[in-house]
Each structure stands twice: as C-alpha cells, then as structure tokens.
Amino acid sequence: MWFTIRTITALSALLPLALSTSSPKRGLCHVPSSEHSTDDKIWISTPGSDLSWYYNYGYEPSAAYTNSKLEFVPMLWGASEKDVGTPFLDSVTAQINGGSKISYVLGFNEPDGTTFTGGSNISADLAASTWKKQIEPLKKLNVSLGAPAVTGSPNGFTWLENWLKACDGGCNPDFIPVHWYGNFEGMASHIGQVMGTYPNMTIWVTEWGFPNQELRVTQEFYNISTQWFDRMEIITHYSYFGAFRSDVSNVGPNATMLTQKGELTDIGSWYLGGVATNNIPKSDAGQIARFAGWSLVVLAASVWIML
C-alpha cells in the first residue's frame, strides 16, 4: 500500500507513545565514556535486547564487547595525505585471521562535513585513493563494504558523485550508510532520494536523531522512525545516535538513551526492547549543542514511500 509522507506522519499520531519492540536490524553506535565506563555494560546486559552489531568510529573493537554477542563493524574514519601504509586493511585482516567475525566495514565518516561537526573533512580524490588501498581489497575476504557516510545535506550527494568519479570504477561499495538529523518527513524524503540514486544497494542508517526537541516530540520521532525502518526491506541495519548520558549530549538531552545519572530513558529502554522507564533526561546547562552529523536542509516531502 502506498502512502504519502504526510499520511505516514498523520498515522503516527494514532500510535501508542510507549512501545516495547525489538528488531534484528538494531545496532549500537558506541560512544564510550571515560568517566562512566560502566555505562558500556548497559547495552549488553539488559534482558530482552537483541542488538546484534556495533561500531565505534574506529577499526579496533571496544574492549567492553570483546566477549559479547555484538558483531564489530570496523570503520576507516578519515584519511590524510601523510598516511603511510595500510593500517586499516592490516588490522581488519588480522582480526579475521584471528577468528573474529567481520562481515561488514564502514567507509569514511561524513567526509563532506567539517571537523567541528564530527566530519572527517577529506577530499573525494583522497578518499578514492585511500579506499582503493585500504578498503576495496577486503572484498576478497568476503567483507561487505559500506560507502562513505556523508551528511544529510545536498553536499553529501555531490561529494559521493565526485568520489565515484575519482574512483574510476575502483571503488565498489555494497551498501549506503545514511546520517540524518531532522524531522521524520525530511528523513524519509532523504532516504527516498538515496534509494532513487543508488537503486542497487541496501541502506544502513548509522546515525539519526531529531536534536533539541521537546521530549514528547523526540519520542514520537523515535517511534515512527524505528517502525518505518523495520518495515523497509531495503534498510537492513540502523543505529540510533544517543547511547550516552543526557548531560554530555551534543544533540540535546531528550534525544539520549541515558539520563544524566546513567539510567535508561524511555527511548533507551524501547531501543533495547523494554518498556517505558519514565526517567526524564536532563542537560548540563553549559553544554553547547552541535551534531556528530547534520541536516540543515529538510528536503521536500513529496516523495512517495511504500510500506
């Protein structure tokens, strides 16, 4: 059945706010805390959770999850003209040879974005040459390759186009990671554009959220987003950006999965398959809001989406 995005949004108002669901698509965008290392255990010790994978913006696994069921997805975060050798390729190859299950890797993190917003800020030419040396060879080890995860702005599409041209056939990703920070209508439209531009690839949503909104608005956004992701066959993996405490959040306190005390928020509990906790997140008044990714432009919500 076909619905416009406006219809989907209207229907979401009729859905219950407190959802207890789980999904094999869900993973952990791991942002470790040097002050609260015990928070790491929350994501693997909560009963009913079916999180199956994680990434940490690096290519070495997090020590906290060495013996867990979570499959590590290495990322080559960025690149520099001064880089020597192939440390990413060497590390991933060694992990596989050592018996680790590595089925996927992720490319560069927001290469079209500035370092201030968490982007790696690298040129398409440098990314292309680095990919050919450090990422493309992993195909021979049956590893699926994630394209560079650009921002949700129009610049992201331009950067990817330039990157593929610079690759000249030498870069062959298997799936497209998506980052989005904005409302649901904009996100659905953006993903629709990604689907239309790269019709032969699946999609991972590796960062998403609706920053600096009221609590109920944030929760409604989370619920309709996860339900939509689960219904979309082309979206095979997703990881919510919010696995940290609310008082250090750079996307606003209400978007987080932990309160300032390290308790699961409603969103945190729902993400792990639990019920509402009624724990209200609070911010640090001095925290400056900036995103790890961003979406300043909300694209026109006229794309038709099939549920």
# chains A, B, ... in the order shown; residues from 1 in each chain; ligands from 1

$ residues_around --residues "segment 211-213 of chain A" --least-positions-apart "4" --cutoff "9 Å" --atoms "only C-alpha atoms" --output "PyMOL selection string"
chain A and resi 181-183+217-218+250-255+289+291

$ write_last_selection --atoms "N, CA, C and O atoms" --output "PDB file, in the first residue's frame"
ATOM      1  N   TYR A 181      19.809  14.232  10.785  1.00  0.00           N
ATOM      2  CA  TYR A 181      19.417  14.956  11.994  1.00  0.00           C
ATOM      3  C   TYR A 181      18.362  15.979  11.614  1.00  0.00           C
ATOM      4  O   TYR A 181      18.669  17.059  11.112  1.00  0.00           O
ATOM      5  N   GLY A 182      17.119  15.628  11.837  1.00  0.00           N
ATOM      6  CA  GLY A 182      15.998  16.476  11.473  1.00  0.00           C
ATOM      7  C   GLY A 182      14.710  15.714  11.652  1.00  0.00           C
ATOM      8  O   GLY A 182      14.693  14.626  12.255  1.00  0.00           O
ATOM      9  N   ASN A 183      13.604  16.231  11.131  1.00  0.00           N
ATOM     10  CA  ASN A 183      12.318  15.590  11.359  1.00  0.00           C
ATOM     11  C   ASN A 183      12.118  14.364  10.468  1.00  0.00           C
ATOM     12  O   ASN A 183      12.912  14.082   9.572  1.00  0.00           O
ATOM     13  N   VAL A 217       7.962  15.157  21.466  1.00  0.00           N
ATOM     14  CA  VAL A 217       8.252  15.227  20.028  1.00  0.00           C
ATOM     15  C   VAL A 217       9.394  14.270  19.685  1.00  0.00           C
ATOM     16  O   VAL A 217       9.340  13.550  18.681  1.00  0.00           O
ATOM     17  N   THR A 218      10.418  14.252  20.522  1.00  0.00           N
ATOM     18  CA  THR A 218      11.563  13.373  20.292  1.00  0.00           C
ATOM     19  C   THR A 218      11.145  11.914  20.351  1.00  0.00           C
ATOM     20  O   THR A 218      11.564  11.094  19.522  1.00  0.00           O
ATOM     21  N   ASN A 250      25.435  16.159  22.643  1.00  0.00           N
ATOM     22  CA  ASN A 250      25.583  17.251  21.690  1.00  0.00           C
ATOM     23  C   ASN A 250      24.401  17.325  20.727  1.00  0.00           C
ATOM     24  O   ASN A 250      24.450  18.035  19.735  1.00  0.00           O
ATOM     25  N   VAL A 251      23.342  16.561  21.002  1.00  0.00           N
ATOM     26  CA  VAL A 251      22.121  16.634  20.203  1.00  0.00           C
ATOM     27  C   VAL A 251      20.907  16.941  21.090  1.00  0.00           C
ATOM     28  O   VAL A 251      19.766  16.716  20.697  1.00  0.00           O
ATOM     29  N   GLY A 252      21.158  17.471  22.285  1.00  0.00           N
ATOM     30  CA  GLY A 252      20.072  17.783  23.205  1.00  0.00           C
ATOM     31  C   GLY A 252      19.803  16.620  24.142  1.00  0.00           C
ATOM     32  O   GLY A 252      19.959  15.456  23.778  1.00  0.00           O
ATOM     33  N   PRO A 253      19.354  16.898  25.359  1.00  0.00           N
ATOM     34  CA  PRO A 253      19.164  15.835  26.357  1.00  0.00           C
ATOM     35  C   PRO A 253      18.072  14.848  26.013  1.00  0.00           C
ATOM     36  O   PRO A 253      18.174  13.654  26.320  1.00  0.00           O
ATOM     37  N   ASN A 254      17.003  15.310  25.366  1.00  0.00           N
ATOM     38  CA  ASN A 254      15.847  14.437  25.135  1.00  0.00           C
ATOM     39  C   ASN A 254      16.094  13.365  24.083  1.00  0.00           C
ATOM     40  O   ASN A 254      15.326  12.407  23.986  1.00  0.00           O
ATOM     41  N   ALA A 255      17.140  13.512  23.289  1.00  0.00           N
ATOM     42  CA  ALA A 255      17.434  12.526  22.251  1.00  0.00           C
ATOM     43  C   ALA A 255      18.244  11.345  22.771  1.00  0.00           C
ATOM     44  O   ALA A 255      18.447  10.368  22.056  1.00  0.00           O
ATOM     45  N   ALA A 289      25.372  22.788  21.960  1.00  0.00           N
ATOM     46  CA  ALA A 289      24.779  21.817  21.032  1.00  0.00           C
ATOM     47  C   ALA A 289      25.471  21.862  19.680  1.00  0.00           C
ATOM     48  O   ALA A 289      25.552  22.896  19.040  1.00  0.00           O
ATOM     49  N   PHE A 291      26.222  18.723  16.348  1.00  0.00           N
ATOM     50  CA  PHE A 291      25.927  17.355  15.961  1.00  0.00           C
ATOM     51  C   PHE A 291      27.181  16.616  15.536  1.00  0.00           C
ATOM     52  O   PHE A 291      28.147  17.197  15.076  1.00  0.00           O
TER      53      PHE A 291
END

$ select_by_dssp --residues "segment 6-218 of chain A" --states "helix (DSSP H, G or I)" --output "PyMOL selection string"
chain A and resi 6-12+37-45+63-65+87-97+115-117+124-134+136-141+154-167+184-197+215-218

$ closest_atom_pairs --of "segment 52-148 of chain A" --to "segment 22-34 of chain A" --cutoff "6 Å" --atoms "only C-alpha atoms" --output "tab-separated table"
residue	atom	partner	partner_atom	distance
A:Ser52	CA	A:Gly27	CA	5.8
A:Trp53	CA	A:Gly27	CA	4.7
A:Tyr54	CA	A:Leu28	CA	4.4
A:Tyr55	CA	A:Cys29	CA	5.5
A:Asn56	CA	A:His30	CA	4.8

$ residues_around --residues "Asn200 of chain A" --least-positions-apart "3" --cutoff "12 Å" --atoms "only C-alpha atoms" --output "list in words"
Asn172, Pro173, Asp174, Phe175, Ile176, Val194, Met195, Gly196, Thr197, Ile203 and Ile234 of chain A

$ closest_residue --among "A:Gly156, A:Val105, A:Ile96, A:Leu141" --to "Gln193 of chain A" --atoms "only C-alpha atoms"
A:Gly156

$ closest_residue --among "A:Ser189, A:Asn121, A:Asn109, A:Thr265" --to "Pro148 of chain A" --atoms "only C-alpha atoms"
A:Asn109

$ closest_residue --among "A:Ile267, A:Ala149, A:Trp43, A:Asp247" --to "Tyr57 of chain A" --atoms "only C-alpha atoms"
A:Ala149

$ residues_around --residues "segment 80-92 of chain A" --least-positions-apart "3" --cutoff "8 Å" --atoms "only C-alpha atoms" --output "PyMOL selection string"
chain A and resi 59-60+74+76+95-96+102+122+126+133-135+137-138

$ closest_residue --among "A:Glu233, A:Glu263, A:Glu220, A:Glu214" --to "Thr202 of chain A" --atoms "only C-alpha atoms"
A:Glu233

$ closest_residue --among "A:Val248, A:Val178, A:Cys171, A:Leu145" --to "Glu110 of chain A" --atoms "only C-alpha atoms"
A:Val178

$ residues_around --residues "Ser103 of chain A" --least-positions-apart "5" --cutoff "8 Å" --atoms "only C-alpha atoms" --output "JSON, numbers by chain"
{"A": [73, 142, 143, 144]}

$ decode --residues "segment 12-57 of chain A" --atoms "N, CA and C atoms" --output "PDB file, in the first residue's frame"
ATOM      1  N   SER A  12       1.033   8.356  12.508  1.00  0.00           N
ATOM      2  CA  SER A  12       1.898   8.166  13.673  1.00  0.00           C
ATOM      3  C   SER A  12       1.291   8.762  14.930  1.00  0.00           C
ATOM      4  N   ALA A  13       0.449   9.784  14.773  1.00  0.00           N
ATOM      5  CA  ALA A  13      -0.182  10.401  15.932  1.00  0.00           C
ATOM      6  C   ALA A  13      -1.159   9.453  16.607  1.00  0.00           C
ATOM      7  N   LEU A  14      -1.609   8.434  15.873  1.00  0.00           N
ATOM      8  CA  LEU A  14      -2.551   7.474  16.429  1.00  0.00           C
ATOM      9  C   LEU A  14      -1.863   6.302  17.107  1.00  0.00           C
ATOM     10  N   LEU A  15      -0.536   6.219  16.964  1.00  0.00           N
ATOM     11  CA  LEU A  15       0.198   5.103  17.537  1.00  0.00           C
ATOM     12  C   LEU A  15       0.447   5.342  19.016  1.00  0.00           C
ATOM     13  N   PRO A  16       0.549   4.277  19.823  1.00  0.00           N
ATOM     14  CA  PRO A  16       0.883   4.459  21.236  1.00  0.00           C
ATOM     15  C   PRO A  16       2.287   5.008  21.372  1.00  0.00           C
ATOM     16  N   LEU A  17       2.488   5.898  22.351  1.00  0.00           N
ATOM     17  CA  LEU A  17       3.792   6.512  22.521  1.00  0.00           C
ATOM     18  C   LEU A  17       4.789   5.529  23.114  1.00  0.00           C
ATOM     19  N   ALA A  18       4.339   4.728  24.069  1.00  0.00           N
ATOM     20  CA  ALA A  18       5.232   3.803  24.762  1.00  0.00           C
ATOM     21  C   ALA A  18       5.233   2.461  24.055  1.00  0.00           C
ATOM     22  N   LEU A  19       6.256   2.206  23.264  1.00  0.00           N
ATOM     23  CA  LEU A  19       6.339   0.964  22.513  1.00  0.00           C
ATOM     24  C   LEU A  19       7.395   0.057  23.118  1.00  0.00           C
ATOM     25  N   SER A  20       7.127  -1.241  23.122  1.00  0.00           N
ATOM     26  CA  SER A  20       8.107  -2.227  23.554  1.00  0.00           C
ATOM     27  C   SER A  20       8.350  -3.151  22.376  1.00  0.00           C
ATOM     28  N   THR A  21       9.365  -2.863  21.602  1.00  0.00           N
ATOM     29  CA  THR A  21       9.653  -3.648  20.413  1.00  0.00           C
ATOM     30  C   THR A  21      11.139  -3.945  20.338  1.00  0.00           C
ATOM     31  N   SER A  22      11.487  -4.907  19.539  1.00  0.00           N
ATOM     32  CA  SER A  22      12.882  -5.201  19.280  1.00  0.00           C
ATOM     33  C   SER A  22      13.025  -5.467  17.793  1.00  0.00           C
ATOM     34  N   SER A  23      14.243  -5.470  17.316  1.00  0.00           N
ATOM     35  CA  SER A  23      14.474  -5.669  15.890  1.00  0.00           C
ATOM     36  C   SER A  23      15.886  -6.177  15.661  1.00  0.00           C
ATOM     37  N   PRO A  24      16.053  -7.181  14.809  1.00  0.00           N
ATOM     38  CA  PRO A  24      17.402  -7.674  14.494  1.00  0.00           C
ATOM     39  C   PRO A  24      18.226  -6.677  13.708  1.00  0.00           C
ATOM     40  N   LYS A  25      17.597  -5.610  13.214  1.00  0.00           N
ATOM     41  CA  LYS A  25      18.327  -4.597  12.450  1.00  0.00           C
ATOM     42  C   LYS A  25      19.111  -3.653  13.364  1.00  0.00           C
ATOM     43  N   ARG A  26      18.779  -3.612  14.626  1.00  0.00           N
ATOM     44  CA  ARG A  26      19.324  -2.599  15.518  1.00  0.00           C
ATOM     45  C   ARG A  26      20.756  -2.891  15.945  1.00  0.00           C
ATOM     46  N   GLY A  27      21.560  -1.843  15.904  1.00  0.00           N
ATOM     47  CA  GLY A  27      22.930  -1.930  16.369  1.00  0.00           C
ATOM     48  C   GLY A  27      23.246  -0.783  17.300  1.00  0.00           C
ATOM     49  N   LEU A  28      24.467  -0.753  17.761  1.00  0.00           N
ATOM     50  CA  LEU A  28      24.911   0.252  18.717  1.00  0.00           C
ATOM     51  C   LEU A  28      25.955   1.153  18.078  1.00  0.00           C
ATOM     52  N   CYS A  29      25.659   2.443  18.074  1.00  0.00           N
ATOM     53  CA  CYS A  29      26.654   3.447  17.723  1.00  0.00           C
ATOM     54  C   CYS A  29      27.370   3.782  19.031  1.00  0.00           C
ATOM     55  N   HIS A  30      28.490   3.129  19.274  1.00  0.00           N
ATOM     56  CA  HIS A  30      29.132   3.163  20.583  1.00  0.00           C
ATOM     57  C   HIS A  30      29.995   4.400  20.758  1.00  0.00           C
ATOM     58  N   VAL A  31      29.597   5.238  21.711  1.00  0.00           N
ATOM     59  CA  VAL A  31      30.363   6.424  22.077  1.00  0.00           C
ATOM     60  C   VAL A  31      30.815   6.228  23.522  1.00  0.00           C
ATOM     61  N   PRO A  32      32.008   5.688  23.740  1.00  0.00           N
ATOM     62  CA  PRO A  32      32.435   5.351  25.100  1.00  0.00           C
ATOM     63  C   PRO A  32      32.624   6.579  25.975  1.00  0.00           C
ATOM     64  N   SER A  33      32.438   6.387  27.270  1.00  0.00           N
ATOM     65  CA  SER A  33      32.596   7.456  28.245  1.00  0.00           C
ATOM     66  C   SER A  33      33.798   7.151  29.135  1.00  0.00           C
ATOM     67  N   SER A  34      34.741   8.066  29.172  1.00  0.00           N
ATOM     68  CA  SER A  34      35.916   7.862  30.024  1.00  0.00           C
ATOM     69  C   SER A  34      35.567   8.013  31.498  1.00  0.00           C
ATOM     70  N   GLU A  35      34.496   8.752  31.796  1.00  0.00           N
ATOM     71  CA  GLU A  35      34.105   8.980  33.185  1.00  0.00           C
ATOM     72  C   GLU A  35      33.170   7.896  33.709  1.00  0.00           C
ATOM     73  N   HIS A  36      32.409   7.256  32.808  1.00  0.00           N
ATOM     74  CA  HIS A  36      31.407   6.273  33.244  1.00  0.00           C
ATOM     75  C   HIS A  36      31.543   5.011  32.396  1.00  0.00           C
ATOM     76  N   SER A  37      32.627   4.287  32.600  1.00  0.00           N
ATOM     77  CA  SER A  37      32.881   3.101  31.789  1.00  0.00           C
ATOM     78  C   SER A  37      31.848   1.996  32.026  1.00  0.00           C
ATOM     79  N   THR A  38      31.185   2.030  33.180  1.00  0.00           N
ATOM     80  CA  THR A  38      30.179   1.008  33.458  1.00  0.00           C
ATOM     81  C   THR A  38      28.959   1.155  32.558  1.00  0.00           C
ATOM     82  N   ASP A  39      28.789   2.321  31.934  1.00  0.00           N
ATOM     83  CA  ASP A  39      27.660   2.507  31.018  1.00  0.00           C
ATOM     84  C   ASP A  39      27.748   1.543  29.834  1.00  0.00           C
ATOM     85  N   ASP A  40      28.958   1.140  29.476  1.00  0.00           N
ATOM     86  CA  ASP A  40      29.132   0.227  28.345  1.00  0.00           C
ATOM     87  C   ASP A  40      28.365  -1.074  28.542  1.00  0.00           C
ATOM     88  N   LYS A  41      28.274  -1.525  29.765  1.00  0.00           N
ATOM     89  CA  LYS A  41      27.649  -2.819  30.051  1.00  0.00           C
ATOM     90  C   LYS A  41      26.136  -2.793  29.870  1.00  0.00           C
ATOM     91  N   ILE A  42      25.543  -1.609  29.929  1.00  0.00           N
ATOM     92  CA  ILE A  42      24.089  -1.499  29.803  1.00  0.00           C
ATOM     93  C   ILE A  42      23.604  -2.103  28.506  1.00  0.00           C
ATOM     94  N   TRP A  43      24.370  -1.926  27.437  1.00  0.00           N
ATOM     95  CA  TRP A  43      23.925  -2.309  26.097  1.00  0.00           C
ATOM     96  C   TRP A  43      24.038  -3.806  25.840  1.00  0.00           C
ATOM     97  N   ILE A  44      24.715  -4.516  26.720  1.00  0.00           N
ATOM     98  CA  ILE A  44      24.834  -5.969  26.534  1.00  0.00           C
ATOM     99  C   ILE A  44      24.265  -6.765  27.699  1.00  0.00           C
ATOM    100  N   SER A  45      23.791  -6.081  28.735  1.00  0.00           N
ATOM    101  CA  SER A  45      23.303  -6.790  29.926  1.00  0.00           C
ATOM    102  C   SER A  45      21.811  -6.635  30.155  1.00  0.00           C
ATOM    103  N   THR A  46      21.137  -5.846  29.319  1.00  0.00           N
ATOM    104  CA  THR A  46      19.708  -5.623  29.500  1.00  0.00           C
ATOM    105  C   THR A  46      18.915  -6.799  28.946  1.00  0.00           C
ATOM    106  N   PRO A  47      18.084  -7.447  29.767  1.00  0.00           N
ATOM    107  CA  PRO A  47      17.293  -8.595  29.289  1.00  0.00           C
ATOM    108  C   PRO A  47      16.365  -8.197  28.143  1.00  0.00           C
ATOM    109  N   GLY A  48      16.246  -9.062  27.152  1.00  0.00           N
ATOM    110  CA  GLY A  48      15.340  -8.820  26.042  1.00  0.00           C
ATOM    111  C   GLY A  48      15.951  -8.077  24.882  1.00  0.00           C
ATOM    112  N   SER A  49      17.165  -7.544  25.047  1.00  0.00           N
ATOM    113  CA  SER A  49      17.799  -6.803  23.962  1.00  0.00           C
ATOM    114  C   SER A  49      18.279  -7.761  22.882  1.00  0.00           C
ATOM    115  N   ASP A  50      18.061  -7.370  21.636  1.00  0.00           N
ATOM    116  CA  ASP A  50      18.580  -8.181  20.539  1.00  0.00           C
ATOM    117  C   ASP A  50      19.523  -7.375  19.651  1.00  0.00           C
ATOM    118  N   LEU A  51      20.222  -6.400  20.239  1.00  0.00           N
ATOM    119  CA  LEU A  51      21.253  -5.704  19.487  1.00  0.00           C
ATOM    120  C   LEU A  51      22.250  -6.742  18.991  1.00  0.00           C
ATOM    121  N   SER A  52      22.605  -6.652  17.726  1.00  0.00           N
ATOM    122  CA  SER A  52      23.446  -7.700  17.145  1.00  0.00           C
ATOM    123  C   SER A  52      24.783  -7.179  16.613  1.00  0.00           C
ATOM    124  N   TRP A  53      24.963  -5.866  16.529  1.00  0.00           N
ATOM    125  CA  TRP A  53      26.191  -5.331  15.967  1.00  0.00           C
ATOM    126  C   TRP A  53      26.487  -3.960  16.554  1.00  0.00           C
ATOM    127  N   TYR A  54      27.727  -3.515  16.372  1.00  0.00           N
ATOM    128  CA  TYR A  54      28.086  -2.169  16.836  1.00  0.00           C
ATOM    129  C   TYR A  54      29.272  -1.654  16.043  1.00  0.00           C
ATOM    130  N   TYR A  55      29.407  -0.337  16.060  1.00  0.00           N
ATOM    131  CA  TYR A  55      30.622   0.299  15.554  1.00  0.00           C
ATOM    132  C   TYR A  55      31.003   1.413  16.503  1.00  0.00           C
ATOM    133  N   ASN A  56      32.256   1.825  16.460  1.00  0.00           N
ATOM    134  CA  ASN A  56      32.755   2.818  17.419  1.00  0.00           C
ATOM    135  C   ASN A  56      33.586   3.913  16.745  1.00  0.00           C
ATOM    136  N   TYR A  57      33.435   4.078  15.439  1.00  0.00           N
ATOM    137  CA  TYR A  57      34.148   5.070  14.639  1.00  0.00           C
ATOM    138  C   TYR A  57      35.625   4.720  14.434  1.00  0.00           C
TER     139      TYR A  57
END
